[in-house]
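S.K.: My structure file final-v7.tsv, TSV, C-alpha atoms and all ligand atoms, is below:
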```tsv
chain	number	residue	atom	x	y	z
A	8	MET	CA	-15.92	-22.24	-3.62
A	9	ARG	CA	-15.69	-18.51	-4.25
A	10	ALA	CA	-13.42	-17.58	-7.15
A	11	MET	CA	-9.95	-16.60	-5.98
A	12	LYS	CA	-9.61	-12.83	-5.87
A	13	ARG	CA	-6.64	-11.47	-7.82
A	14	ILE	CA	-4.21	-9.05	-6.16
A	15	VAL	CA	-1.48	-7.00	-7.86
A	16	ILE	CA	1.12	-5.32	-5.62
A	17	LEU	CA	3.18	-2.28	-6.69
A	18	ILE	CA	6.56	-1.65	-5.06
A	19	SER	CA	9.57	0.63	-5.49
A	20	GLY	CA	12.11	-0.90	-3.14
A	21	ARG	CA	12.62	-3.45	-0.36
A	22	GLY	CA	9.01	-4.65	-0.45
A	23	SER	CA	8.71	-5.63	3.22
A	24	ASN	CA	4.98	-4.83	3.19
A	25	MET	CA	4.57	-6.91	0.03
A	26	GLU	CA	6.38	-9.77	1.78
A	27	ALA	CA	4.16	-9.51	4.86
A	28	ILE	CA	1.09	-9.72	2.62
A	29	LEU	CA	2.48	-12.71	0.70
A	30	ARG	CA	3.20	-14.52	3.96
A	31	ALA	CA	-0.24	-13.82	5.43
A	32	ALA	CA	-2.04	-14.84	2.21
A	33	SER	CA	-0.42	-18.24	2.24
A	34	ALA	CA	-0.39	-18.81	6.03
A	35	GLU	CA	-4.06	-17.79	6.39
A	36	HIS	CA	-5.21	-19.43	3.14
A	37	TRP	CA	-6.91	-16.30	1.82
A	38	PRO	CA	-9.48	-16.74	-0.98
A	39	ALA	CA	-7.06	-14.68	-3.03
A	40	GLN	CA	-3.77	-14.89	-4.82
A	41	ILE	CA	-1.05	-12.33	-5.51
A	42	VAL	CA	-0.87	-12.63	-9.29
A	43	ALA	CA	1.88	-10.06	-9.94
A	44	VAL	CA	4.36	-7.72	-8.27
A	45	ILE	CA	5.23	-4.69	-10.39
A	46	SER	CA	7.93	-2.10	-9.73
A	47	ASN	CA	8.95	1.21	-11.28
A	48	LYS	CA	12.54	0.35	-10.29
A	49	ALA	CA	14.37	-2.57	-11.93
A	50	GLN	CA	16.59	-2.91	-8.85
A	51	ALA	CA	13.72	-3.18	-6.37
A	52	ALA	CA	14.73	-5.96	-3.98
A	53	GLY	CA	11.10	-7.01	-3.63
A	54	LEU	CA	11.09	-8.26	-7.24
A	55	ALA	CA	13.48	-11.08	-6.30
A	56	THR	CA	11.26	-11.96	-3.34
A	57	ALA	CA	8.25	-12.20	-5.65
A	58	SER	CA	10.09	-14.29	-8.25
A	59	ALA	CA	11.36	-16.67	-5.55
A	60	ALA	CA	7.73	-17.14	-4.50
A	61	GLY	CA	6.78	-18.01	-8.10
A	62	ILE	CA	4.93	-14.73	-8.62
A	63	ALA	CA	5.18	-12.71	-11.86
A	64	ALA	CA	7.64	-9.88	-11.23
A	65	ARG	CA	7.40	-7.03	-13.74
A	66	VAL	CA	9.17	-3.70	-14.21
A	67	VAL	CA	7.76	-0.52	-15.74
A	68	GLU	CA	10.48	2.11	-15.34
A	69	HIS	CA	9.11	5.62	-15.03
A	70	VAL	CA	12.37	7.01	-16.39
A	71	ALA	CA	11.50	5.44	-19.77
A	72	PHE	CA	8.50	7.75	-20.23
A	73	PRO	CA	8.35	11.44	-21.14
A	74	ASP	CA	5.66	12.32	-18.62
A	75	ARG	CA	3.63	11.05	-15.71
A	76	ALA	CA	0.48	10.39	-17.73
A	77	GLN	CA	2.28	8.17	-20.26
A	78	PHE	CA	4.03	6.25	-17.48
A	79	ASP	CA	0.73	5.71	-15.67
A	80	ARG	CA	-0.92	4.48	-18.86
A	81	ALA	CA	1.90	2.00	-19.49
A	82	LEU	CA	1.77	0.87	-15.86
A	83	SER	CA	-1.99	0.46	-16.03
A	84	ALA	CA	-1.70	-1.64	-19.19
A	85	VAL	CA	0.65	-4.06	-17.43
A	86	ILE	CA	-1.51	-4.18	-14.29
A	87	ASP	CA	-4.62	-4.92	-16.36
A	88	GLU	CA	-2.92	-7.92	-17.98
A	89	TYR	CA	-3.59	-9.55	-14.60
A	90	SER	CA	-7.24	-8.44	-14.23
A	91	PRO	CA	-6.85	-7.49	-10.55
A	92	ASP	CA	-9.70	-7.28	-8.06
A	93	LEU	CA	-7.34	-5.22	-5.90
A	94	VAL	CA	-4.22	-3.13	-6.51
A	95	VAL	CA	-1.99	-2.67	-3.44
A	96	LEU	CA	0.60	0.15	-3.26
A	97	ALA	CA	3.34	-1.07	-0.90
A	98	GLY	CA	6.24	1.32	-0.69
A	99	PHE	CA	5.38	2.53	-4.19
A	100	LEU	CA	7.06	5.90	-4.30
A	101	ARG	CA	5.20	7.54	-7.19
A	102	ILE	CA	2.44	10.13	-7.24
A	103	LEU	CA	-0.27	8.71	-9.51
A	104	THR	CA	-2.35	10.71	-11.96
A	105	PRO	CA	-6.10	11.20	-11.33
A	106	GLU	CA	-6.74	9.15	-14.52
A	107	PHE	CA	-4.92	6.17	-13.00
A	108	VAL	CA	-6.59	6.54	-9.58
A	109	VAL	CA	-10.08	6.81	-11.14
A	110	HIS	CA	-9.43	3.69	-13.24
A	111	TYR	CA	-8.87	1.67	-10.03
A	112	HIS	CA	-11.41	3.54	-7.91
A	113	GLY	CA	-12.54	1.52	-4.92
A	114	ARG	CA	-9.89	-1.18	-5.41
A	115	LEU	CA	-6.63	0.77	-4.85
A	116	LEU	CA	-5.03	0.74	-1.37
A	117	ASN	CA	-1.95	2.44	0.07
A	118	ILE	CA	-0.09	2.40	3.35
A	119	HIS	CA	1.33	5.65	4.65
A	120	PRO	CA	3.81	5.84	7.58
A	121	SER	CA	1.90	8.33	9.74
A	122	LEU	CA	-1.45	8.76	11.47
A	123	LEU	CA	-3.24	10.55	8.61
A	124	PRO	CA	-4.33	13.25	8.29
A	125	SER	CA	-1.18	14.15	10.23
A	126	PHE	CA	2.06	14.20	8.25
A	127	PRO	CA	1.03	13.51	4.65
A	128	GLY	CA	3.97	13.40	2.24
A	129	LEU	CA	7.56	12.35	2.87
A	130	ASP	CA	9.96	12.19	5.87
A	131	THR	CA	7.09	11.47	8.23
A	132	HIS	CA	9.21	10.03	11.07
A	133	HIS	CA	11.62	12.96	11.09
A	134	ARG	CA	8.68	15.40	11.05
A	135	ALA	CA	6.91	13.55	13.87
A	136	ILE	CA	10.01	13.76	16.07
A	137	GLU	CA	10.51	17.43	15.19
A	138	ALA	CA	6.87	18.15	16.02
A	139	GLY	CA	7.26	16.50	19.43
A	140	VAL	CA	4.21	14.25	19.01
A	141	LYS	CA	3.95	11.51	21.63
A	142	PHE	CA	2.22	9.05	19.31
A	143	HIS	CA	2.84	8.22	15.66
A	144	GLY	CA	1.92	5.29	13.44
A	145	ALA	CA	0.72	4.06	10.06
A	146	THR	CA	-2.46	4.32	8.00
A	147	VAL	CA	-3.97	2.07	5.35
A	148	HIS	CA	-6.31	4.06	3.12
A	149	PHE	CA	-8.16	4.00	-0.19
A	150	VAL	CA	-6.24	6.01	-2.77
A	151	THR	CA	-7.94	9.11	-4.17
A	152	PRO	CA	-6.52	11.74	-6.52
A	153	GLU	CA	-5.43	13.85	-3.52
A	154	LEU	CA	-2.13	12.52	-2.15
A	155	ASP	CA	-2.31	10.60	1.15
A	156	HIS	CA	-5.91	11.69	1.66
A	157	GLY	CA	-8.36	8.85	0.88
A	158	PRO	CA	-10.84	7.14	3.24
A	159	ILE	CA	-8.99	5.56	6.17
A	160	ILE	CA	-9.28	1.77	6.47
A	161	GLU	CA	-6.89	0.79	9.32
A	162	GLN	CA	-4.44	2.58	11.59
A	163	ALA	CA	-1.81	1.48	14.08
A	164	VAL	CA	-0.41	3.67	16.87
A	165	VAL	CA	3.09	3.56	18.35
A	166	PRO	CA	4.63	5.67	21.14
A	167	VAL	CA	7.35	8.18	20.26
A	168	LEU	CA	10.15	7.85	22.85
A	169	ASP	CA	12.36	10.73	23.92
A	170	THR	CA	15.34	8.63	22.82
A	171	ASP	CA	13.91	7.94	19.36
A	172	THR	CA	15.82	8.65	16.21
A	173	GLU	CA	14.17	8.65	12.78
A	174	ASP	CA	15.42	5.07	12.33
A	175	THR	CA	14.18	3.68	15.66
A	176	LEU	CA	10.78	5.28	15.15
A	177	ALA	CA	10.58	4.08	11.52
A	178	ALA	CA	11.36	0.52	12.64
A	179	ARG	CA	8.63	0.62	15.29
A	180	VAL	CA	6.11	1.92	12.72
A	181	LEU	CA	7.16	-0.60	10.04
A	182	GLU	CA	6.59	-3.47	12.46
A	183	GLN	CA	2.98	-2.31	12.84
A	184	GLU	CA	2.59	-1.80	9.07
A	185	HIS	CA	3.28	-5.50	8.67
A	186	VAL	CA	0.34	-6.20	10.99
A	187	ILE	CA	-2.31	-3.82	9.66
A	188	TYR	CA	-1.66	-4.07	5.90
A	189	PRO	CA	-2.18	-7.83	5.59
A	190	ARG	CA	-5.27	-7.52	7.80
A	191	ALA	CA	-6.70	-4.70	5.66
A	192	VAL	CA	-6.02	-6.57	2.39
A	193	ARG	CA	-7.65	-9.74	3.75
A	194	ASP	CA	-10.68	-7.83	5.01
A	195	PHE	CA	-11.05	-6.07	1.65
A	196	ILE	CA	-10.84	-9.42	-0.17
A	197	GLU	CA	-13.51	-10.82	2.16
A	198	GLY	CA	-15.73	-7.83	1.45
A	199	ARG	CA	-15.79	-6.54	5.02
A	200	TYR	CA	-15.43	-2.83	4.20
A	201	VAL	CA	-18.21	-0.48	3.21
A	202	LEU	CA	-17.90	3.23	2.45
A	203	ILE	CA	-20.49	5.36	4.23
A	204	GLY	CA	-20.28	9.13	3.76
A	205	GLY	CA	-16.62	8.97	2.79
A	206	ARG	CA	-15.76	6.94	5.89
A	207	VAL	CA	-14.91	3.24	5.97
A	208	ALA	CA	-17.00	0.95	8.16
A	209	ARG	CA	-15.95	-2.66	8.80
A	210	HIS	CA	-18.66	-5.29	9.23
A	211	SER	CA	-17.74	-8.63	10.74
A	212	ALA	CA	-20.56	-10.64	9.14
B	1	LIG	C1	7.23	2.05	4.42
B	1	LIG	O1	7.59	3.00	5.40
B	1	LIG	C2	5.80	2.33	4.00
B	1	LIG	O2	5.06	2.98	5.00
B	1	LIG	C3	5.95	3.23	2.83
B	1	LIG	O3	7.11	2.79	2.16
B	1	LIG	C4	8.05	2.31	3.15
B	1	LIG	C5	8.77	1.09	2.60
B	1	LIG	O4	7.93	0.00	2.60
B	1	LIG	N1	4.77	3.13	2.01
B	1	LIG	P1	8.38	-1.46	2.04
B	1	LIG	O5	9.38	-2.04	2.99
B	1	LIG	O6	9.00	-1.26	0.66
B	1	LIG	O7	7.09	-2.24	2.01
```
As structure tokens, please, write out the structure in this file.
M.R.:
Amino acid sequence: MRAMKRIVILISGRGSNMEAILRAASAEHWPAQIVAVISNKAQAAGLATASAAGIAARVVEHVAFPDRAQFDRALSAVIDEYSPDLVVLAGFLRILTPEFVVHYHGRLLNIHPSLLPSFPGLDTHHRAIEAGVKFHGATVHFVTPELDHGPIIEQAVVPVLDTDTEDTLAARVLEQEHVIYPRAVRDFIEGRYVLIGGRVARHSA
């Protein structure tokens, strides 16, 4: 029996992606366990979800630190209490320092609500509608020091309808996030991804 892989999930708010991952991990009996959910916001609704599931729910408030580097070091210290094989950013609305990203190199994932490299940064749904794109979506990627730029692991595509508002488009994208993020985390845990020339290849063996 392979040792259970240890996953830590970072959130800032509702935590719907975290919840989708929790559900898939238990329904699909992953050889992994979510050992902690950590938020930079004490009010993050996802913390209650984690606690209710019997998972350690921790808070490291960025407002308590004088600068980004000291916050990241404090956050990293809490994360490392759980010796994670994988750190999952799920609606974690902080830009991380290169020091932090390097420390978790190769085991730090993020989901971004656009088809990267299109629309890095914030307000992606509004920008997609304004740009008149006919397709939009979400991207799971390895995190590198450059924001929203790391090797792409999974993507999902949704149509943009003429009648779409930011909210209707966001809802359509979020539904797909809840499909591709659990799949990407499971495949990472099962060692199915390999980086070749900065691009991610998935092997089914
Ligand atoms: C989602 O749009 C996700 O793409 C982005 O944060 C938003 C909130 O996600 N990373 P969640 O419901 O907190 O998982």
S.K.: Enumerate as JSON, numbers by chain the residues within 8 Å of ligand LIG 1 (chain B), counting only C-alpha atoms and all ligand atoms.
M.R.: {"A": [18, 19, 20, 21, 22, 23, 24, 25, 26, 53, 96, 97, 98, 99, 100, 117, 118, 119, 120, 121, 145, 177, 180, 181, 184]}
S.K.: Report, in Å to a single decimal, how far apart CA of Glu106 in chain A and CA of Val70 in chain A are.
M.R.: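 That distance, rounded to one decimal, is 19.3 Å.
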S.K.: Would you please work out which residue, of A:Ala208, A:Ala135, A:Ala76, A:Val94, is nearest to Val42 in chain A when using all atoms listed in the file?
M.R.: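 Checking each candidate against Val42 in chain A, we get A:Val94 as the closest.
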S.K.: Please work out which residues fall within 10 Å of (-2.3, 12.4, 8.8), coordinates as given in the file, with only C-alpha atoms counting, and return them as a count of residues only.
M.R.: 18
S.K.: Mind pulling up the distance from CA of Ala32 in chain A to CA of Thr56 in chain A?
M.R.: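 Going from CA of Thr56 in chain A over to CA of Ala32 in chain A covers 14.7 Å.
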S.K.: Could you state the separation of CA of Gln162 in chain A and CA of His148 in chain A in Å, given to one decimal place?
M.R.: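 Value for the CA of Gln162 in chain A-CA of His148 in chain A distance: 8.8 Å.
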S.K.: Tell me which residues come within 12 Å of (-4.9, 14.8, -3.2), as a PyMOL selection string, counting all atoms listed in the file in the file's coordinates.
M.R.: chain A and resi 102-105+108+124+127-128+149-158
S.K.: Which residues are near Leu29 in chain A? Cut-off 12 Å, only C-alpha atoms, ignore same chain within fewer than 5 positions. Put them as a PyMOL selection string.
M.R.: chain A and resi 14-16+22-24+34-37+39-44+53+56-62+95+97+185+188-190+192-193
S.K.: Can you report as AutoDock Vina command-line options the centre and edge lengths in Å, to one decimal, of an axis-aligned box around the listed atoms of range 184-193 of chain A padded with 3 Å on each side?
M.R.:
```
--center_x -2.2 --center_y -5.8 --center_z 6.7 --size_x 16.9 --size_y 13.9 --size_z 14.6
```
S.K.: Asn47 in chain A: which residues within 6 Å, counting only C-alpha atoms, same-chain residues fewer than 6 positions away excluded, as number ranges by chain?
M.R.: A: 19, 66-69
S.K.: Considering all atoms listed in the file, can you say which of A:Lys48, A:Lys12, A:His133, A:Arg65 comes closest to Pro91 in chain A?
M.R.: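 For Pro91 in chain A, the nearest of the given residues is A:Lys12.
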S.K.: Which of these, A:Ile196, A:Asp174, A:Arg209, A:Arg114, has the shortest distance to Glu161 in chain A once you count all atoms listed in the file?
M.R.: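 Distance minimum relative to Glu161 in chain A lands on A:Arg209.
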S.K.: Take range 89-100 of chain A, model all heavy atoms, and hand the result over as a PDB file, in the frame of the given file.
M.R.:
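Saved result, out-v5.pdb, follows:
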```
ATOM      1  N   TYR A  89      -3.328  -8.581 -15.671  1.00  0.00           N
ATOM      2  CA  TYR A  89      -3.590  -9.550 -14.600  1.00  0.00           C
ATOM      3  C   TYR A  89      -5.007  -9.468 -14.044  1.00  0.00           C
ATOM      4  O   TYR A  89      -5.341 -10.148 -13.072  1.00  0.00           O
ATOM      5  CB  TYR A  89      -2.547  -9.362 -13.471  1.00  0.00           C
ATOM      6  CG  TYR A  89      -1.139  -9.608 -13.962  1.00  0.00           C
ATOM      7  CD1 TYR A  89      -0.345  -8.557 -14.443  1.00  0.00           C
ATOM      8  CD2 TYR A  89      -0.626 -10.904 -14.019  1.00  0.00           C
ATOM      9  CE1 TYR A  89       0.920  -8.789 -14.931  1.00  0.00           C
ATOM     10  CE2 TYR A  89       0.650 -11.147 -14.515  1.00  0.00           C
ATOM     11  CZ  TYR A  89       1.417 -10.079 -14.974  1.00  0.00           C
ATOM     12  OH  TYR A  89       2.685 -10.311 -15.466  1.00  0.00           O
ATOM     13  N   SER A  90      -5.828  -8.591 -14.650  1.00  0.00           N
ATOM     14  CA  SER A  90      -7.240  -8.440 -14.230  1.00  0.00           C
ATOM     15  C   SER A  90      -7.403  -8.453 -12.708  1.00  0.00           C
ATOM     16  O   SER A  90      -8.066  -9.341 -12.146  1.00  0.00           O
ATOM     17  CB  SER A  90      -8.075  -9.598 -14.809  1.00  0.00           C
ATOM     18  OG  SER A  90      -7.861  -9.702 -16.181  1.00  0.00           O
ATOM     19  N   PRO A  91      -6.803  -7.467 -12.022  1.00  0.00           N
ATOM     20  CA  PRO A  91      -6.850  -7.490 -10.550  1.00  0.00           C
ATOM     21  C   PRO A  91      -8.195  -7.081  -9.979  1.00  0.00           C
ATOM     22  O   PRO A  91      -8.868  -6.194 -10.492  1.00  0.00           O
ATOM     23  CB  PRO A  91      -5.785  -6.457 -10.156  1.00  0.00           C
ATOM     24  CG  PRO A  91      -5.744  -5.498 -11.312  1.00  0.00           C
ATOM     25  CD  PRO A  91      -6.011  -6.321 -12.534  1.00  0.00           C
ATOM     26  N   ASP A  92      -8.561  -7.755  -8.872  1.00  0.00           N
ATOM     27  CA  ASP A  92      -9.700  -7.280  -8.060  1.00  0.00           C
ATOM     28  C   ASP A  92      -9.235  -6.189  -7.116  1.00  0.00           C
ATOM     29  O   ASP A  92     -10.034  -5.424  -6.590  1.00  0.00           O
ATOM     30  CB  ASP A  92     -10.251  -8.447  -7.238  1.00  0.00           C
ATOM     31  CG  ASP A  92     -10.799  -9.536  -8.144  1.00  0.00           C
ATOM     32  OD1 ASP A  92     -11.832  -9.296  -8.791  1.00  0.00           O
ATOM     33  OD2 ASP A  92     -10.166 -10.607  -8.241  1.00  0.00           O
ATOM     34  N   LEU A  93      -7.908  -6.168  -6.853  1.00  0.00           N
ATOM     35  CA  LEU A  93      -7.340  -5.220  -5.900  1.00  0.00           C
ATOM     36  C   LEU A  93      -5.904  -4.878  -6.303  1.00  0.00           C
ATOM     37  O   LEU A  93      -5.135  -5.774  -6.673  1.00  0.00           O
ATOM     38  CB  LEU A  93      -7.333  -5.842  -4.495  1.00  0.00           C
ATOM     39  CG  LEU A  93      -6.662  -5.030  -3.384  1.00  0.00           C
ATOM     40  CD1 LEU A  93      -7.383  -3.702  -3.155  1.00  0.00           C
ATOM     41  CD2 LEU A  93      -6.639  -5.848  -2.089  1.00  0.00           C
ATOM     42  N   VAL A  94      -5.583  -3.595  -6.261  1.00  0.00           N
ATOM     43  CA  VAL A  94      -4.220  -3.130  -6.510  1.00  0.00           C
ATOM     44  C   VAL A  94      -3.698  -2.533  -5.195  1.00  0.00           C
ATOM     45  O   VAL A  94      -4.343  -1.655  -4.606  1.00  0.00           O
ATOM     46  CB  VAL A  94      -4.149  -2.087  -7.630  1.00  0.00           C
ATOM     47  CG1 VAL A  94      -2.712  -1.595  -7.850  1.00  0.00           C
ATOM     48  CG2 VAL A  94      -4.712  -2.679  -8.933  1.00  0.00           C
ATOM     49  N   VAL A  95      -2.560  -3.056  -4.732  1.00  0.00           N
ATOM     50  CA  VAL A  95      -1.990  -2.670  -3.440  1.00  0.00           C
ATOM     51  C   VAL A  95      -0.696  -1.898  -3.651  1.00  0.00           C
ATOM     52  O   VAL A  95       0.258  -2.435  -4.230  1.00  0.00           O
ATOM     53  CB  VAL A  95      -1.705  -3.939  -2.594  1.00  0.00           C
ATOM     54  CG1 VAL A  95      -0.951  -3.592  -1.316  1.00  0.00           C
ATOM     55  CG2 VAL A  95      -3.010  -4.672  -2.268  1.00  0.00           C
ATOM     56  N   LEU A  96      -0.654  -0.638  -3.218  1.00  0.00           N
ATOM     57  CA  LEU A  96       0.600   0.150  -3.260  1.00  0.00           C
ATOM     58  C   LEU A  96       1.357  -0.148  -1.977  1.00  0.00           C
ATOM     59  O   LEU A  96       0.827   0.073  -0.880  1.00  0.00           O
ATOM     60  CB  LEU A  96       0.286   1.641  -3.365  1.00  0.00           C
ATOM     61  CG  LEU A  96      -0.616   2.086  -4.515  1.00  0.00           C
ATOM     62  CD1 LEU A  96      -0.791   3.601  -4.484  1.00  0.00           C
ATOM     63  CD2 LEU A  96      -0.082   1.629  -5.850  1.00  0.00           C
ATOM     64  N   ALA A  97       2.557  -0.691  -2.104  1.00  0.00           N
ATOM     65  CA  ALA A  97       3.340  -1.070  -0.900  1.00  0.00           C
ATOM     66  C   ALA A  97       4.742  -0.522  -1.037  1.00  0.00           C
ATOM     67  O   ALA A  97       5.622  -1.137  -1.636  1.00  0.00           O
ATOM     68  CB  ALA A  97       3.355  -2.603  -0.792  1.00  0.00           C
ATOM     69  N   GLY A  98       4.947   0.657  -0.530  1.00  0.00           N
ATOM     70  CA  GLY A  98       6.240   1.320  -0.690  1.00  0.00           C
ATOM     71  C   GLY A  98       6.426   1.734  -2.143  1.00  0.00           C
ATOM     72  O   GLY A  98       7.506   1.680  -2.702  1.00  0.00           O
ATOM     73  N   PHE A  99       5.332   2.103  -2.790  1.00  0.00           N
ATOM     74  CA  PHE A  99       5.380   2.530  -4.190  1.00  0.00           C
ATOM     75  C   PHE A  99       5.516   4.034  -4.207  1.00  0.00           C
ATOM     76  O   PHE A  99       4.573   4.762  -3.907  1.00  0.00           O
ATOM     77  CB  PHE A  99       4.102   2.095  -4.933  1.00  0.00           C
ATOM     78  CG  PHE A  99       4.153   2.334  -6.419  1.00  0.00           C
ATOM     79  CD1 PHE A  99       5.058   1.643  -7.219  1.00  0.00           C
ATOM     80  CD2 PHE A  99       3.317   3.269  -7.023  1.00  0.00           C
ATOM     81  CE1 PHE A  99       5.104   1.859  -8.587  1.00  0.00           C
ATOM     82  CE2 PHE A  99       3.353   3.498  -8.392  1.00  0.00           C
ATOM     83  CZ  PHE A  99       4.256   2.795  -9.179  1.00  0.00           C
ATOM     84  N   LEU A 100       6.756   4.493  -4.522  1.00  0.00           N
ATOM     85  CA  LEU A 100       7.060   5.900  -4.300  1.00  0.00           C
ATOM     86  C   LEU A 100       6.818   6.730  -5.554  1.00  0.00           C
ATOM     87  O   LEU A 100       7.739   7.304  -6.124  1.00  0.00           O
ATOM     88  CB  LEU A 100       8.501   6.037  -3.795  1.00  0.00           C
ATOM     89  CG  LEU A 100       8.774   5.222  -2.521  1.00  0.00           C
ATOM     90  CD1 LEU A 100      10.206   5.389  -2.076  1.00  0.00           C
ATOM     91  CD2 LEU A 100       7.814   5.624  -1.402  1.00  0.00           C
TER      92      LEU A 100
END
```
